[in-house]
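Have a look at the structure below before the remarks.
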Amino acid sequence: MKNDVFKIAGKILKSRLIVGTGKYKNFSETAKAVQASGADMVTVAVRRVNVLDKKKPLLTDYLNPKKIIYLPNTAGCFNSKEALRTLRLAREMGGWKLVKLEVLGDKKTLYPDMIETIKSTKILVKEGFKVMVYCSDDPILAKQLEDNGASAIMPLASPIGTGLGIQNKINISLIIKQSKVPVIVDAGIGTASDATIAMELGCDGVLINSAIANAKKPILMARAFKDAVISGRNSYKAGRMNKNYLAIPSSPSKGLI
């Protein structure tokens with residue numbers, strides 16, 4: 001598997017698991033979970049997570065940005081203007097150009113507003129950002145994002161924080177088949193087996209936050225996701241057996257005594 005490289009916008013990642021940094025009890029638990037997950041990229045909600053105010057606990061004191069890739073995101077933004085301002089601020093604060101864009105359209109479902117998302121992607125790409133984009137599982141809109149310069153396509157498995165797992169395998173598969181940039185399932189994963197399924201479909205990676213942070217034992221769940229992603233990727237690369245509608249004996253039927 002040495003040649004099985006996971007690259008996003010020129011950055012090579014060792015792990016295909018990306019971990020969020022929200023919802024944990026404290027930064028100490030966050031750091032332990034990230035370490036257990038083996039992830040080398042973490043998402044950071046610029047509007048919610050403290051990375052600059054030295055009077056308060058700093059995430060950077062627990063997760064060294066020189067050793068792990070910080071991915072600023074626009075969690076909580078409901079229009080293009082808010083999202084653009086947030087990511088421009090992230091660039092000013094830490095020089096971050098690789099970012100995750102999400103523009104939400106509804107406070108109950110937290111589904112993405114794809115019109116605002118595509119609009120924001122175009123602007124950010126023109127400004128030199130490398131944009132990983134949270135989106136719906138619509139293959140047509142996902143293709144539009146790629147055509148407008150998105151560095152990674154991040155379709156939801158199901159609504160954010162629900163833990164319902166992948167609700168539309170067909171659409172996710174269609175997005176994977178048509179995409180020339182990495183496809184990373186983002187949102188809705190509930191447990192390790194969901195991540196394995198995503199990887200077996202051919203996803204390049206998965207992003208997990210709530211499923212780890214809200215688990216009864218977050219550190220143990222982080223380890224479970226690490227193994228699940230590796231297992232799912234190996235399964236995908238190995239190539240599953242064909243499905244059959246009738247039984248096929250495991251032992252040869254010819255030459256019986």
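Letters A, B, ... mark the chains of the structure tokens in the order given; residue numbers begin at 1 per chain; ligand numbers begin at 1, in order shown.
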Among segment 179-250 of chain A, which residues does DSSP mark as strand (DSSP E or B) when it is run on the backbone? Keep the chain and numbering as in the structure and answer as a ChimeraX atom specification. /A:183-186,205-208
Keeping all heavy atoms, export the residues of the selection given above as a PDB file, in the first residue's frame.
```pdb
ATOM      1  N   VAL A 183     -12.628  12.775  -2.607  1.00  0.00           N
ATOM      2  CA  VAL A 183     -13.994  12.799  -2.089  1.00  0.00           C
ATOM      3  C   VAL A 183     -13.945  12.318  -0.644  1.00  0.00           C
ATOM      4  O   VAL A 183     -13.484  11.209  -0.369  1.00  0.00           O
ATOM      5  CB  VAL A 183     -14.942  11.899  -2.910  1.00  0.00           C
ATOM      6  CG1 VAL A 183     -16.330  11.868  -2.281  1.00  0.00           C
ATOM      7  CG2 VAL A 183     -15.021  12.399  -4.352  1.00  0.00           C
ATOM      8  N   ILE A 184     -14.390  13.164   0.266  1.00  0.00           N
ATOM      9  CA  ILE A 184     -14.303  12.885   1.700  1.00  0.00           C
ATOM     10  C   ILE A 184     -15.689  13.012   2.306  1.00  0.00           C
ATOM     11  O   ILE A 184     -16.285  14.096   2.273  1.00  0.00           O
ATOM     12  CB  ILE A 184     -13.331  13.873   2.386  1.00  0.00           C
ATOM     13  CG1 ILE A 184     -11.942  13.771   1.754  1.00  0.00           C
ATOM     14  CG2 ILE A 184     -13.268  13.614   3.893  1.00  0.00           C
ATOM     15  CD1 ILE A 184     -11.036  14.942   2.053  1.00  0.00           C
ATOM     16  N   VAL A 185     -16.206  11.923   2.843  1.00  0.00           N
ATOM     17  CA  VAL A 185     -17.535  11.991   3.463  1.00  0.00           C
ATOM     18  C   VAL A 185     -17.457  12.836   4.721  1.00  0.00           C
ATOM     19  O   VAL A 185     -16.596  12.629   5.580  1.00  0.00           O
ATOM     20  CB  VAL A 185     -18.073  10.585   3.778  1.00  0.00           C
ATOM     21  CG1 VAL A 185     -19.212  10.660   4.776  1.00  0.00           C
ATOM     22  CG2 VAL A 185     -18.569   9.913   2.510  1.00  0.00           C
ATOM     23  N   ASP A 186     -18.363  13.790   4.810  1.00  0.00           N
ATOM     24  CA  ASP A 186     -18.343  14.752   5.908  1.00  0.00           C
ATOM     25  C   ASP A 186     -19.757  14.913   6.462  1.00  0.00           C
ATOM     26  O   ASP A 186     -20.657  15.319   5.739  1.00  0.00           O
ATOM     27  CB  ASP A 186     -17.817  16.094   5.378  1.00  0.00           C
ATOM     28  CG  ASP A 186     -17.850  17.202   6.418  1.00  0.00           C
ATOM     29  OD1 ASP A 186     -17.980  16.892   7.616  1.00  0.00           O
ATOM     30  OD2 ASP A 186     -17.755  18.374   6.029  1.00  0.00           O
ATOM     31  N   GLY A 205     -11.455   9.587   1.976  1.00  0.00           N
ATOM     32  CA  GLY A 205     -11.301   9.784   3.407  1.00  0.00           C
ATOM     33  C   GLY A 205     -12.635  10.079   4.051  1.00  0.00           C
ATOM     34  O   GLY A 205     -13.667  10.172   3.374  1.00  0.00           O
ATOM     35  N   VAL A 206     -12.620  10.199   5.371  1.00  0.00           N
ATOM     36  CA  VAL A 206     -13.819  10.580   6.113  1.00  0.00           C
ATOM     37  C   VAL A 206     -13.444  11.628   7.154  1.00  0.00           C
ATOM     38  O   VAL A 206     -12.316  11.645   7.654  1.00  0.00           O
ATOM     39  CB  VAL A 206     -14.505   9.384   6.826  1.00  0.00           C
ATOM     40  CG1 VAL A 206     -15.054   8.400   5.820  1.00  0.00           C
ATOM     41  CG2 VAL A 206     -13.548   8.693   7.777  1.00  0.00           C
ATOM     42  N   LEU A 207     -14.394  12.508   7.448  1.00  0.00           N
ATOM     43  CA  LEU A 207     -14.203  13.504   8.495  1.00  0.00           C
ATOM     44  C   LEU A 207     -15.178  13.203   9.626  1.00  0.00           C
ATOM     45  O   LEU A 207     -16.383  13.069   9.397  1.00  0.00           O
ATOM     46  CB  LEU A 207     -14.444  14.914   7.955  1.00  0.00           C
ATOM     47  CG  LEU A 207     -13.973  16.074   8.845  1.00  0.00           C
ATOM     48  CD1 LEU A 207     -13.771  17.333   8.016  1.00  0.00           C
ATOM     49  CD2 LEU A 207     -14.944  16.374   9.978  1.00  0.00           C
ATOM     50  N   ILE A 208     -14.650  13.075  10.830  1.00  0.00           N
ATOM     51  CA  ILE A 208     -15.460  12.711  11.993  1.00  0.00           C
ATOM     52  C   ILE A 208     -15.288  13.738  13.098  1.00  0.00           C
ATOM     53  O   ILE A 208     -14.175  14.143  13.412  1.00  0.00           O
ATOM     54  CB  ILE A 208     -15.042  11.329  12.567  1.00  0.00           C
ATOM     55  CG1 ILE A 208     -14.923  10.281  11.470  1.00  0.00           C
ATOM     56  CG2 ILE A 208     -15.997  10.900  13.664  1.00  0.00           C
ATOM     57  CD1 ILE A 208     -16.210   9.886  10.827  1.00  0.00           C
TER      58      ILE A 208
END
```
With only C-alpha atoms as the counted atoms, please give the residues lying no more than 12 Å from segment 209-223 of chain A, apart from itself and same-chain residues fewer than 4 positions off, as a PyMOL selection string. chain A and resi 17-39+42-45+159-165+185-195+227-230
Contact residues around Ser151 of chain A with only C-alpha atoms at 6 Å, ignoring same-chain residues under 2 positions, as a compact mmCIF listing (two decimals) with N, CA and C atoms, in the first residue's frame:
```txt
# COMPACT_ATOMS: atom_id res chain seq x y z
N ALA A 9 -4.65 19.07 -2.29
CA ALA A 9 -4.06 20.37 -2.64
C ALA A 9 -2.54 20.36 -2.44
N LYS A 130 -7.10 27.22 -1.24
CA LYS A 130 -7.32 25.83 -1.61
C LYS A 130 -8.54 25.38 -0.80
N VAL A 131 -9.64 25.12 -1.47
CA VAL A 131 -10.92 24.98 -0.78
C VAL A 131 -11.45 23.54 -0.78
N MET A 132 -11.62 23.01 0.40
CA MET A 132 -12.30 21.74 0.59
C MET A 132 -13.75 22.09 0.94
```
Provide the atom CA of Leu201 of chain A to atom CA of Cys135 of chain A distance in Å, to one decimal place. 17.8 Å
Excluding segment 65-75 of chain A and any residue of its chain fewer than 5 positions from it, enumerate the residues within 7 Å of it, using only C-alpha atoms, and give them as a PyMOL selection string. chain A and resi 40-46+60+83+86-87+90+98-102
Could you write out, as a PyMOL selection string, all the residues of segment 26-245 of chain A that DSSP marks as alpha helix (DSSP H)? chain A and resi 27-37+80-94+114-126+139-147+169-178+192-201+210-213+218-238
Of the candidates A:Tyr62, A:Lys169, A:Arg88, A:Gln144, which shows the shortest atom-to-atom distance to Glu127 of chain A, using only C-alpha atoms?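 Going through A:Tyr62, A:Lys169, A:Arg88, A:Gln144 one by one, the smallest distance to Glu127 of chain A is for A:Arg88.
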What is the distance, in Å and to one decimal place, between atom CA of Asn234 of chain A and atom CA of Leu246 of chain A?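 So the answer is 26.9 Å.
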